[in-house]
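What follows is the content of start_3.pdb (PDB, C-alpha atoms and all ligand atoms).
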```pdb
ATOM      1  CA  MET A  27      91.651  75.390  65.507  1.00  0.00           C
ATOM      2  CA  MET A  28      94.959  75.374  67.357  1.00  0.00           C
ATOM      3  CA  LEU A  29      96.190  72.561  65.142  1.00  0.00           C
ATOM      4  CA  SER A  30      95.865  74.659  62.009  1.00  0.00           C
ATOM      5  CA  LEU A  31      98.409  77.207  63.261  1.00  0.00           C
ATOM      6  CA  PRO A  32     101.917  76.802  61.873  1.00  0.00           C
ATOM      7  CA  SER A  33     103.967  74.964  64.505  1.00  0.00           C
ATOM      8  CA  ARG A  34     106.501  77.783  64.734  1.00  0.00           C
ATOM      9  CA  VAL A  35     103.796  80.261  65.713  1.00  0.00           C
ATOM     10  CA  LEU A  36     102.414  77.728  68.111  1.00  0.00           C
ATOM     11  CA  SER A  37     105.753  77.106  69.804  1.00  0.00           C
ATOM     12  CA  GLY A  38     106.360  80.870  69.907  1.00  0.00           C
ATOM     13  CA  LEU A  39     103.059  81.306  71.717  1.00  0.00           C
ATOM     14  CA  LEU A  40     103.935  78.468  74.036  1.00  0.00           C
ATOM     15  CA  VAL A  41     107.361  79.955  74.827  1.00  0.00           C
ATOM     16  CA  ALA A  42     105.818  83.379  75.369  1.00  0.00           C
ATOM     17  CA  ALA A  43     103.299  81.830  77.730  1.00  0.00           C
ATOM     18  CA  LEU A  44     106.088  80.033  79.620  1.00  0.00           C
ATOM     19  CA  GLY A  45     108.173  83.119  80.292  1.00  0.00           C
ATOM     20  CA  GLY A  46     109.265  84.737  77.052  1.00  0.00           C
ATOM     21  CA  ARG A  47     112.483  82.833  76.233  1.00  0.00           C
ATOM     22  CA  ALA A  48     111.755  82.991  72.503  1.00  0.00           C
ATOM     23  CA  ALA A  49     115.438  83.148  71.441  1.00  0.00           C
ATOM     24  CA  VAL A  50     115.965  79.594  72.639  1.00  0.00           C
ATOM     25  CA  SER A  51     113.244  78.206  70.390  1.00  0.00           C
ATOM     26  CA  ASP A  52     115.002  79.627  67.308  1.00  0.00           C
ATOM     27  CA  ARG A  53     118.210  77.705  67.866  1.00  0.00           C
ATOM     28  CA  LEU A  54     118.810  74.584  65.781  1.00  0.00           C
ATOM     29  CA  PRO A  55     118.906  71.431  67.846  1.00  0.00           C
ATOM     30  CA  LEU A  56     122.457  70.545  68.932  1.00  0.00           C
ATOM     31  CA  SER A  57     124.155  73.217  66.848  1.00  0.00           C
ATOM     32  CA  TYR A  58     127.619  74.047  68.114  1.00  0.00           C
ATOM     33  CA  ALA A  59     128.540  77.516  69.334  1.00  0.00           C
ATOM     34  CA  PRO A  60     131.606  78.926  67.553  1.00  0.00           C
ATOM     35  CA  ILE A  61     134.898  78.632  69.426  1.00  0.00           C
ATOM     36  CA  PRO A  62     135.863  82.069  70.830  1.00  0.00           C
ATOM     37  CA  ALA A  63     138.848  83.596  69.001  1.00  0.00           C
ATOM     38  CA  ASP A  64     140.969  83.997  72.148  1.00  0.00           C
ATOM     39  CA  THR A  65     140.632  80.372  73.311  1.00  0.00           C
ATOM     40  CA  TYR A  66     143.911  79.082  74.782  1.00  0.00           C
ATOM     41  CA  VAL A  67     145.537  76.383  72.650  1.00  0.00           C
ATOM     42  CA  PRO A  68     148.494  74.568  74.242  1.00  0.00           C
ATOM     43  CA  ALA A  69     151.611  74.601  72.060  1.00  0.00           C
ATOM     44  CA  ASN A  70     153.147  71.376  70.818  1.00  0.00           C
ATOM     45  CA  ALA A  71     156.924  70.967  71.139  1.00  0.00           C
ATOM     46  CA  ALA A  72     158.945  70.933  67.912  1.00  0.00           C
ATOM     47  CA  GLY A  73     159.096  67.484  66.363  1.00  0.00           C
ATOM     48  CA  THR A  74     155.782  66.396  67.862  1.00  0.00           C
ATOM     49  CA  THR A  75     153.520  64.198  65.757  1.00  0.00           C
ATOM     50  CA  THR A  76     150.042  64.505  67.181  1.00  0.00           C
ATOM     51  CA  LEU A  77     147.170  62.157  66.506  1.00  0.00           C
ATOM     52  CA  LEU A  78     145.697  64.884  64.300  1.00  0.00           C
ATOM     53  CA  ASP A  79     148.943  65.085  62.259  1.00  0.00           C
ATOM     54  CA  LEU A  80     148.825  61.357  61.630  1.00  0.00           C
ATOM     55  CA  VAL A  81     145.119  61.242  60.760  1.00  0.00           C
ATOM     56  CA  GLN A  82     145.498  64.154  58.350  1.00  0.00           C
ATOM     57  CA  SER A  83     148.635  62.728  56.720  1.00  0.00           C
ATOM     58  CA  ARG A  84     147.230  59.390  55.561  1.00  0.00           C
ATOM     59  CA  PRO A  85     144.998  59.168  52.474  1.00  0.00           C
ATOM     60  CA  GLU A  86     143.224  56.064  53.801  1.00  0.00           C
ATOM     61  CA  LEU A  87     142.109  58.098  56.843  1.00  0.00           C
ATOM     62  CA  SER A  88     140.597  61.021  54.940  1.00  0.00           C
ATOM     63  CA  LEU A  89     137.030  60.203  56.033  1.00  0.00           C
ATOM     64  CA  LEU A  90     138.177  59.978  59.643  1.00  0.00           C
ATOM     65  CA  ALA A  91     139.854  63.382  59.224  1.00  0.00           C
ATOM     66  CA  GLU A  92     136.496  64.784  58.051  1.00  0.00           C
ATOM     67  CA  LEU A  93     134.734  63.182  60.977  1.00  0.00           C
ATOM     68  CA  VAL A  94     137.231  64.691  63.454  1.00  0.00           C
ATOM     69  CA  ALA A  95     136.806  68.106  61.838  1.00  0.00           C
ATOM     70  CA  GLY A  96     133.015  67.803  62.061  1.00  0.00           C
ATOM     71  CA  SER A  97     132.834  66.886  65.757  1.00  0.00           C
ATOM     72  CA  ALA A  98     133.218  69.982  67.933  1.00  0.00           C
ATOM     73  CA  GLY A  99     136.400  70.012  70.007  1.00  0.00           C
ATOM     74  CA  PHE A 100     137.960  66.925  68.444  1.00  0.00           C
ATOM     75  CA  THR A 101     140.413  68.783  66.201  1.00  0.00           C
ATOM     76  CA  GLN A 102     141.806  70.513  69.284  1.00  0.00           C
ATOM     77  CA  ALA A 103     141.818  67.342  71.385  1.00  0.00           C
ATOM     78  CA  PHE A 104     143.547  65.295  68.670  1.00  0.00           C
ATOM     79  CA  ASN A 105     146.165  68.012  68.256  1.00  0.00           C
ATOM     80  CA  THR A 106     147.440  68.041  71.843  1.00  0.00           C
ATOM     81  CA  THR A 107     150.353  66.164  73.368  1.00  0.00           C
ATOM     82  CA  PRO A 108     148.743  64.348  76.290  1.00  0.00           C
ATOM     83  CA  GLU A 109     150.686  63.574  79.456  1.00  0.00           C
ATOM     84  CA  TRP A 110     149.375  60.009  79.287  1.00  0.00           C
ATOM     85  CA  SER A 111     150.047  57.379  76.664  1.00  0.00           C
ATOM     86  CA  PHE A 112     147.286  56.170  74.385  1.00  0.00           C
ATOM     87  CA  THR A 113     146.343  53.642  71.761  1.00  0.00           C
ATOM     88  CA  PHE A 114     144.067  54.793  68.952  1.00  0.00           C
ATOM     89  CA  LEU A 115     142.219  52.421  66.647  1.00  0.00           C
ATOM     90  CA  ALA A 116     141.682  54.498  63.522  1.00  0.00           C
ATOM     91  CA  PRO A 117     138.767  53.463  61.282  1.00  0.00           C
ATOM     92  CA  SER A 118     139.928  53.564  57.663  1.00  0.00           C
ATOM     93  CA  ASN A 119     137.952  54.876  54.693  1.00  0.00           C
ATOM     94  CA  THR A 120     136.957  51.266  54.047  1.00  0.00           C
ATOM     95  CA  ALA A 121     135.549  51.066  57.583  1.00  0.00           C
ATOM     96  CA  LEU A 122     133.605  54.316  57.307  1.00  0.00           C
ATOM     97  CA  ALA A 123     132.533  54.131  53.658  1.00  0.00           C
ATOM     98  CA  ASN A 124     132.105  50.448  52.916  1.00  0.00           C
ATOM     99  CA  ASN A 125     131.655  48.644  56.214  1.00  0.00           C
ATOM    100  CA  THR A 126     128.781  50.622  57.634  1.00  0.00           C
ATOM    101  CA  GLY A 127     125.233  50.606  56.383  1.00  0.00           C
ATOM    102  CA  ALA A 128     122.166  52.709  55.731  1.00  0.00           C
ATOM    103  CA  TYR A 129     121.582  53.268  59.423  1.00  0.00           C
ATOM    104  CA  PHE A 130     125.068  54.736  59.925  1.00  0.00           C
ATOM    105  CA  SER A 131     124.936  57.087  56.959  1.00  0.00           C
ATOM    106  CA  THR A 132     121.390  58.216  57.749  1.00  0.00           C
ATOM    107  CA  PHE A 133     121.967  58.815  61.441  1.00  0.00           C
ATOM    108  CA  ALA A 134     125.441  60.347  61.029  1.00  0.00           C
ATOM    109  CA  ALA A 135     123.903  63.113  58.926  1.00  0.00           C
ATOM    110  CA  GLN A 136     121.419  64.113  61.662  1.00  0.00           C
ATOM    111  CA  PRO A 137     122.208  66.796  64.257  1.00  0.00           C
ATOM    112  CA  LYS A 138     122.047  64.124  66.945  1.00  0.00           C
ATOM    113  CA  GLY A 139     124.340  61.978  64.830  1.00  0.00           C
ATOM    114  CA  LYS A 140     127.182  64.465  65.327  1.00  0.00           C
ATOM    115  CA  TRP A 141     127.043  63.920  69.051  1.00  0.00           C
ATOM    116  CA  TRP A 142     126.885  60.192  68.491  1.00  0.00           C
ATOM    117  CA  LEU A 143     129.914  60.262  66.144  1.00  0.00           C
ATOM    118  CA  GLY A 144     131.914  62.083  68.832  1.00  0.00           C
ATOM    119  CA  ASN A 145     131.103  59.314  71.293  1.00  0.00           C
ATOM    120  CA  LEU A 146     131.981  56.781  68.636  1.00  0.00           C
ATOM    121  CA  LEU A 147     135.429  58.372  68.199  1.00  0.00           C
ATOM    122  CA  GLN A 148     136.068  58.124  71.926  1.00  0.00           C
ATOM    123  CA  HIS A 149     135.251  54.430  71.720  1.00  0.00           C
ATOM    124  CA  HIS A 150     138.352  54.035  69.485  1.00  0.00           C
ATOM    125  CA  TYR A 151     140.692  55.703  71.995  1.00  0.00           C
ATOM    126  CA  VAL A 152     142.322  53.685  74.773  1.00  0.00           C
ATOM    127  CA  PRO A 153     143.962  56.043  77.288  1.00  0.00           C
ATOM    128  CA  GLY A 154     146.835  55.014  79.550  1.00  0.00           C
ATOM    129  CA  SER A 155     148.243  52.444  77.145  1.00  0.00           C
ATOM    130  CA  ALA A 156     150.526  52.236  74.145  1.00  0.00           C
ATOM    131  CA  LEU A 157     149.657  48.829  72.820  1.00  0.00           C
ATOM    132  CA  THR A 158     151.547  47.454  69.841  1.00  0.00           C
ATOM    133  CA  LEU A 159     150.039  44.790  67.615  1.00  0.00           C
ATOM    134  CA  ALA A 160     152.262  42.291  69.416  1.00  0.00           C
ATOM    135  CA  ASP A 161     150.689  43.377  72.740  1.00  0.00           C
ATOM    136  CA  LEU A 162     147.196  42.968  71.294  1.00  0.00           C
ATOM    137  CA  ALA A 163     148.054  39.563  69.890  1.00  0.00           C
ATOM    138  CA  ALA A 164     149.706  38.376  73.097  1.00  0.00           C
ATOM    139  CA  GLY A 165     146.530  36.614  74.215  1.00  0.00           C
ATOM    140  CA  ASP A 166     147.259  33.891  71.667  1.00  0.00           C
ATOM    141  CA  GLY A 167     143.688  32.854  70.892  1.00  0.00           C
ATOM    142  CA  THR A 168     142.112  34.087  74.109  1.00  0.00           C
ATOM    143  CA  VAL A 169     139.876  37.159  74.319  1.00  0.00           C
ATOM    144  CA  GLN A 170     141.155  40.262  76.105  1.00  0.00           C
ATOM    145  CA  ARG A 171     139.281  43.481  76.821  1.00  0.00           C
ATOM    146  CA  LEU A 172     140.393  47.072  76.311  1.00  0.00           C
ATOM    147  CA  GLN A 173     138.597  49.823  78.216  1.00  0.00           C
ATOM    148  CA  THR A 174     138.168  52.798  75.915  1.00  0.00           C
ATOM    149  CA  GLY A 175     137.518  56.495  76.424  1.00  0.00           C
ATOM    150  CA  THR A 176     133.784  55.740  76.673  1.00  0.00           C
ATOM    151  CA  TYR A 177     134.510  53.480  79.714  1.00  0.00           C
ATOM    152  CA  LEU A 178     133.074  50.617  77.665  1.00  0.00           C
ATOM    153  CA  TYR A 179     135.084  47.696  76.402  1.00  0.00           C
ATOM    154  CA  VAL A 180     136.378  46.498  73.057  1.00  0.00           C
ATOM    155  CA  SER A 181     137.225  42.834  72.798  1.00  0.00           C
ATOM    156  CA  VAL A 182     140.539  41.739  71.317  1.00  0.00           C
ATOM    157  CA  GLN A 183     140.979  38.241  70.068  1.00  0.00           C
ATOM    158  CA  ALA A 184     144.338  37.086  68.805  1.00  0.00           C
ATOM    159  CA  GLU A 185     144.096  34.761  65.872  1.00  0.00           C
ATOM    160  CA  SER A 186     146.475  32.092  67.056  1.00  0.00           C
ATOM    161  CA  ASP A 187     146.638  30.318  63.719  1.00  0.00           C
ATOM    162  CA  SER A 188     147.874  33.425  61.926  1.00  0.00           C
ATOM    163  CA  ALA A 189     151.578  33.734  61.212  1.00  0.00           C
ATOM    164  CA  SER A 190     151.224  37.516  61.096  1.00  0.00           C
ATOM    165  CA  SER A 191     149.826  37.796  64.659  1.00  0.00           C
ATOM    166  CA  GLN A 192     146.603  39.400  63.481  1.00  0.00           C
ATOM    167  CA  VAL A 193     143.843  40.293  65.887  1.00  0.00           C
ATOM    168  CA  LEU A 194     140.071  40.635  65.647  1.00  0.00           C
ATOM    169  CA  LEU A 195     138.454  43.525  67.518  1.00  0.00           C
ATOM    170  CA  ASN A 196     134.808  43.227  68.645  1.00  0.00           C
ATOM    171  CA  ASN A 197     134.687  40.070  66.564  1.00  0.00           C
ATOM    172  CA  VAL A 198     134.541  42.182  63.398  1.00  0.00           C
ATOM    173  CA  ALA A 199     137.475  44.567  62.848  1.00  0.00           C
ATOM    174  CA  SER A 200     140.930  43.604  61.575  1.00  0.00           C
ATOM    175  CA  VAL A 201     144.070  45.726  61.725  1.00  0.00           C
ATOM    176  CA  SER A 202     145.132  46.751  58.226  1.00  0.00           C
ATOM    177  CA  THR A 203     148.146  48.883  59.217  1.00  0.00           C
ATOM    178  CA  ALA A 204     149.694  48.437  62.659  1.00  0.00           C
ATOM    179  CA  ASP A 205     152.094  50.231  64.985  1.00  0.00           C
ATOM    180  CA  LEU A 206     152.092  53.771  63.603  1.00  0.00           C
ATOM    181  CA  ALA A 207     153.945  55.880  66.141  1.00  0.00           C
ATOM    182  CA  VAL A 208     152.735  59.295  67.256  1.00  0.00           C
ATOM    183  CA  THR A 209     153.977  61.338  70.200  1.00  0.00           C
ATOM    184  CA  SER A 210     152.791  59.513  73.368  1.00  0.00           C
ATOM    185  CA  GLY A 211     150.801  56.966  71.420  1.00  0.00           C
ATOM    186  CA  VAL A 212     150.385  54.097  68.982  1.00  0.00           C
ATOM    187  CA  VAL A 213     147.851  53.994  66.140  1.00  0.00           C
ATOM    188  CA  HIS A 214     146.441  50.964  64.355  1.00  0.00           C
ATOM    189  CA  ILE A 215     144.275  51.368  61.273  1.00  0.00           C
ATOM    190  CA  ILE A 216     141.228  49.105  61.352  1.00  0.00           C
ATOM    191  CA  ASP A 217     138.706  48.068  58.697  1.00  0.00           C
ATOM    192  CA  HIS A 218     135.441  48.278  60.700  1.00  0.00           C
ATOM    193  CA  VAL A 219     133.974  50.862  63.051  1.00  0.00           C
ATOM    194  CA  LEU A 220     133.853  49.782  66.711  1.00  0.00           C
ATOM    195  CA  ASP A 221     130.401  50.563  67.998  1.00  0.00           C
ATOM    196  CA  PRO A 222     129.485  50.190  71.683  1.00  0.00           C
ATOM    197  CA  ALA A 223     125.801  49.779  70.838  1.00  0.00           C
ATOM    198  CA  ALA A 224     126.601  46.962  68.453  1.00  0.00           C
ATOM    199  CA  GLN A 225     128.722  45.276  71.068  1.00  0.00           C
ATOM    200  CA  ILE A 226     125.926  45.354  73.584  1.00  0.00           C
ATOM    201  CA  PHE A 227     123.093  44.306  71.340  1.00  0.00           C
ATOM    202  CA  GLU A 228     124.388  42.079  68.587  1.00  0.00           C
ATOM    203  CA  PRO A 229     124.656  38.886  70.640  1.00  0.00           C
ATOM    204  CA  ALA A 230     121.036  39.386  71.647  1.00  0.00           C
ATOM    205  CA  TYR A 231     119.862  40.045  68.085  1.00  0.00           C
ATOM    206  CA  PRO A 232     118.249  36.659  67.374  1.00  0.00           C
ATOM    207  CA  SER A 233     116.136  36.929  70.515  1.00  0.00           C
ATOM    208  CA  VAL A 234     114.784  40.466  70.078  1.00  0.00           C
ATOM    209  CA  SER A 235     111.828  41.305  67.909  1.00  0.00           C
ATOM    210  CA  GLN A 236     112.641  44.942  67.116  1.00  0.00           C
ATOM    211  CA  ALA A 237     113.793  45.564  63.558  1.00  0.00           C
ATOM    212  CA  PHE A 238     115.817  48.661  64.401  1.00  0.00           C
ATOM    213  CA  ILE A 239     118.630  48.867  66.953  1.00  0.00           C
ATOM    214  CA  PRO A 240     120.137  52.352  67.477  1.00  0.00           C
ATOM    215  CA  GLY A 241     123.740  52.775  66.474  1.00  0.00           C
ATOM    216  CA  SER A 242     124.302  49.159  65.788  1.00  0.00           C
ATOM    217  CA  CYS A 243     125.925  48.638  62.434  1.00  0.00           C
ATOM    218  CA  ALA A 244     129.373  47.191  63.005  1.00  0.00           C
ATOM    219  CA  ASN A 245     128.131  44.045  61.311  1.00  0.00           C
ATOM    220  CA  THR A 246     126.727  44.693  57.859  1.00  0.00           C
ATOM    221  CA  ALA A 247     125.474  41.134  57.631  1.00  0.00           C
ATOM    222  CA  LEU A 248     122.675  42.206  59.961  1.00  0.00           C
ATOM    223  CA  SER A 249     119.431  43.050  58.191  1.00  0.00           C
ATOM    224  CA  TYR A 250     119.100  46.596  59.520  1.00  0.00           C
ATOM    225  CA  CYS A 251     122.540  47.741  58.254  1.00  0.00           C
TER     226      CYS A 251
HETATM  227  C1  LIG B 301     134.337  50.686  48.584  1.00  0.00           C
HETATM  228  O1  LIG B 301     133.795  49.708  47.738  1.00  0.00           O
HETATM  229  C2  LIG B 301     133.849  50.076  46.358  1.00  0.00           C
HETATM  230  C3  LIG B 301     133.092  49.009  45.589  1.00  0.00           C
HETATM  231  O2  LIG B 301     133.568  47.730  45.901  1.00  0.00           O
HETATM  232  C4  LIG B 301     135.298  50.240  45.915  1.00  0.00           C
HETATM  233  O3  LIG B 301     135.360  50.609  44.586  1.00  0.00           O
HETATM  234  C5  LIG B 301     135.954  51.289  46.804  1.00  0.00           C
HETATM  235  O4  LIG B 301     137.322  51.369  46.478  1.00  0.00           O
HETATM  236  C6  LIG B 301     135.800  50.963  48.274  1.00  0.00           C
HETATM  237  N1  LIG B 301     136.274  52.067  49.055  1.00  0.00           N
HETATM  238  C7  LIG B 301     137.114  51.923  50.059  1.00  0.00           C
HETATM  239  C8  LIG B 301     137.527  53.178  50.721  1.00  0.00           C
HETATM  240  O5  LIG B 301     137.515  50.837  50.436  1.00  0.00           O
END
```

Kindly return the structure encoded in the file as structure tokens.
Ligand SMILES: *[C@@H]1O[C@H](CO)[C@@H](O)[C@H](O)[C@H]1NC(C)=O
Amino acid sequence: MMLSLPSRVLSGLLVAALGGRAAVSDRLPLSYAPIPADTYVPANAAGTTTLLDLVQSRPELSLLAELVAGSAGFTQAFNTTPEWSFTFLAPSNTALANNTGAYFSTFAAQPKGKWWLGNLLQHHYVPGSALTLADLAAGDGTVQRLQTGTYLYVSVQAESDSASSQVLLNNVASVSTADLAVTSGVVHIIDHVLDPAAQIFEPAYPSVSQAFIPGSCANTALSYC
């Protein structure tokens, strides 16, 4: 008989039984509270180009601009002038629209996907560095590691045979536009999303039996992307 009750009534009863915190059960999962109107926003000095300015100014980063706007707090964070230097690897529209798969677009649209996209953005930010393409390519064929804002690593492999000193990030992403200067930082536009989950699991893919690996779609050649 209990099973025939609508689940909302059921959870209301359950909440009432557990101490009457019914308001909590009405809230959408992972919805963001509005930012209070009097929140302090640090001013940028005249002539500053913030990361947000750059992302919003380039047509090939319009999907990234939407993603920043949709992840709570990121507009504000991207619009500050940090005291540290940083390198940002900006996924282009090609990266976000054409080089992800069904998993990415399905999960990104979920409430939990918003949280995941925020983490994903941090995985493209390397604090305490201002690395030019020449710095990234300095390994000359060897693999270097960059520690990102997620504390996890992105691999950087210089393609030694390339006259243009190109690099391959996480074995999948190439730099399409390099060395864009912003205040305190350097931005490179890349053609694939860098995904920590993909980095951890893709080498193990042939040996695992599961058909679905969360968050792992940097490589669209994989069957689940
Ligand atoms: C995505 O791929 C389609 C089909 O090849 C192409 O027309 C479109 O320009 C691509 N979009 C981006 C942002 O690269």

Problem - Reference answer for the PyMOL selection byres (((not hetatm)) within 7 of (chain B and resi 301)), as a PyMOL selection string - result: chain A and resi 119-120+123-124

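The residues caught by the PyMOL selection byres (((chain A and resi 91) around 10) and not hetatm) in this file are A:Leu78, A:Asp79, A:Leu80, A:Val81, A:Gln82, A:Ser83, A:Arg84, A:Pro85, A:Glu86, A:Leu87, A:Ser88, A:Leu89, A:Leu90, A:Glu92, A:Leu93, A:Val94, A:Ala95, A:Gly96, A:Thr101, A:Ser118, A:Asn119.
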
Selection in question (the file shown): the PyMOL selection byres (((chain A and resi 208) around 8) and not hetatm). Which residues does it include, as a compact mmCIF listing (two decimals) with C-alpha atoms, in the coordinates of the input?
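Dumped to part21.txt:
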```txt
# COMPACT_ATOMS: atom_id res chain seq x y z
CA THR A 74 155.78 66.40 67.86
CA THR A 75 153.52 64.20 65.76
CA THR A 76 150.04 64.50 67.18
CA LEU A 77 147.17 62.16 66.51
CA LEU A 80 148.82 61.36 61.63
CA LEU A 206 152.09 53.77 63.60
CA ALA A 207 153.94 55.88 66.14
CA THR A 209 153.98 61.34 70.20
CA SER A 210 152.79 59.51 73.37
CA GLY A 211 150.80 56.97 71.42
CA VAL A 212 150.38 54.10 68.98
CA VAL A 213 147.85 53.99 66.14
```

Completion exercise
Using all atoms listed in the file, the best pick from A:Leu122, A:Ala63, A:Ala128, A:Ala72 as closest to Thr107 in chain A would be A:Ala72

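For range 169-186 of chain A, the set of protein, DNA and RNA residues having any atom at most 6 Å away, when counting all atoms listed in the file and skipping those fewer than 5 positions along the same chain, is Gln148, His149, Tyr151, Val152, Ala163, Gln192, Val193, Leu194, Leu195 and Asn196 of chain A.
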
Could you dump the residues just selected with C-alpha atoms as a PDB file, keeping the file's coordinate frame?
```pdb
ATOM      1  CA  GLN A 148     136.068  58.124  71.926  1.00  0.00           C
ATOM      2  CA  HIS A 149     135.251  54.430  71.720  1.00  0.00           C
ATOM      3  CA  TYR A 151     140.692  55.703  71.995  1.00  0.00           C
ATOM      4  CA  VAL A 152     142.322  53.685  74.773  1.00  0.00           C
ATOM      5  CA  ALA A 163     148.054  39.563  69.890  1.00  0.00           C
ATOM      6  CA  GLN A 192     146.603  39.400  63.481  1.00  0.00           C
ATOM      7  CA  VAL A 193     143.843  40.293  65.887  1.00  0.00           C
ATOM      8  CA  LEU A 194     140.071  40.635  65.647  1.00  0.00           C
ATOM      9  CA  LEU A 195     138.454  43.525  67.518  1.00  0.00           C
ATOM     10  CA  ASN A 196     134.808  43.227  68.645  1.00  0.00           C
TER      11      ASN A 196
END
```

Practice task
Select, from A:Ala156, A:Leu147, A:Ala121, A:Val67, the residue with the minimum atom-to-atom distance to Ile216 in chain A, counting all atoms listed in the file.
Solution key: A:Ala121

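Across A:Gly127, A:Gly99, A:Pro222, A:Gly73, the tightest approach to Leu146 in chain A is made by A:Pro222 when counting only C-alpha atoms.
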
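Shortest atom-to-atom contact with Phe114 in chain A among A:Leu157, A:Ala98, A:Val219, A:Ala69: A:Leu157, counting only C-alpha atoms.
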
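Here CA of Phe100 in chain A and CA of His150 in chain A stand 12.9 Å from one another.
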
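If you look at CA of Asp217 in chain A and CA of Gln136 in chain A, they are 23.8 Å away from each other.
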
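In this structure, CA of Ala116 in chain A sits 4.6 Å away from CA of Ile215 in chain A.
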
Box for range 192-203 of chain A: with edges along x, y and z, all listed atoms inside and 8 Å added on each side, what are the centre and edge lengths in Å to one decimal, as lines of an AutoDock Vina configuration file?
```
center_x = 141.3
center_y = 44.1
center_z = 63.4
size_x = 29.6
size_y = 25.5
size_z = 26.4
```

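Closest approach to Gly144 in chain A from the set A:Asp205, A:Ser97, A:Ser200, A:Leu159 is made by A:Ser97, with distances taken over all atoms listed in the file.
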
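Taking all atoms listed in the file into account, Pro117 in chain A lies nearest to A:Val201 out of the set A:Val201, A:Pro60, A:Ser155, A:Pro68.
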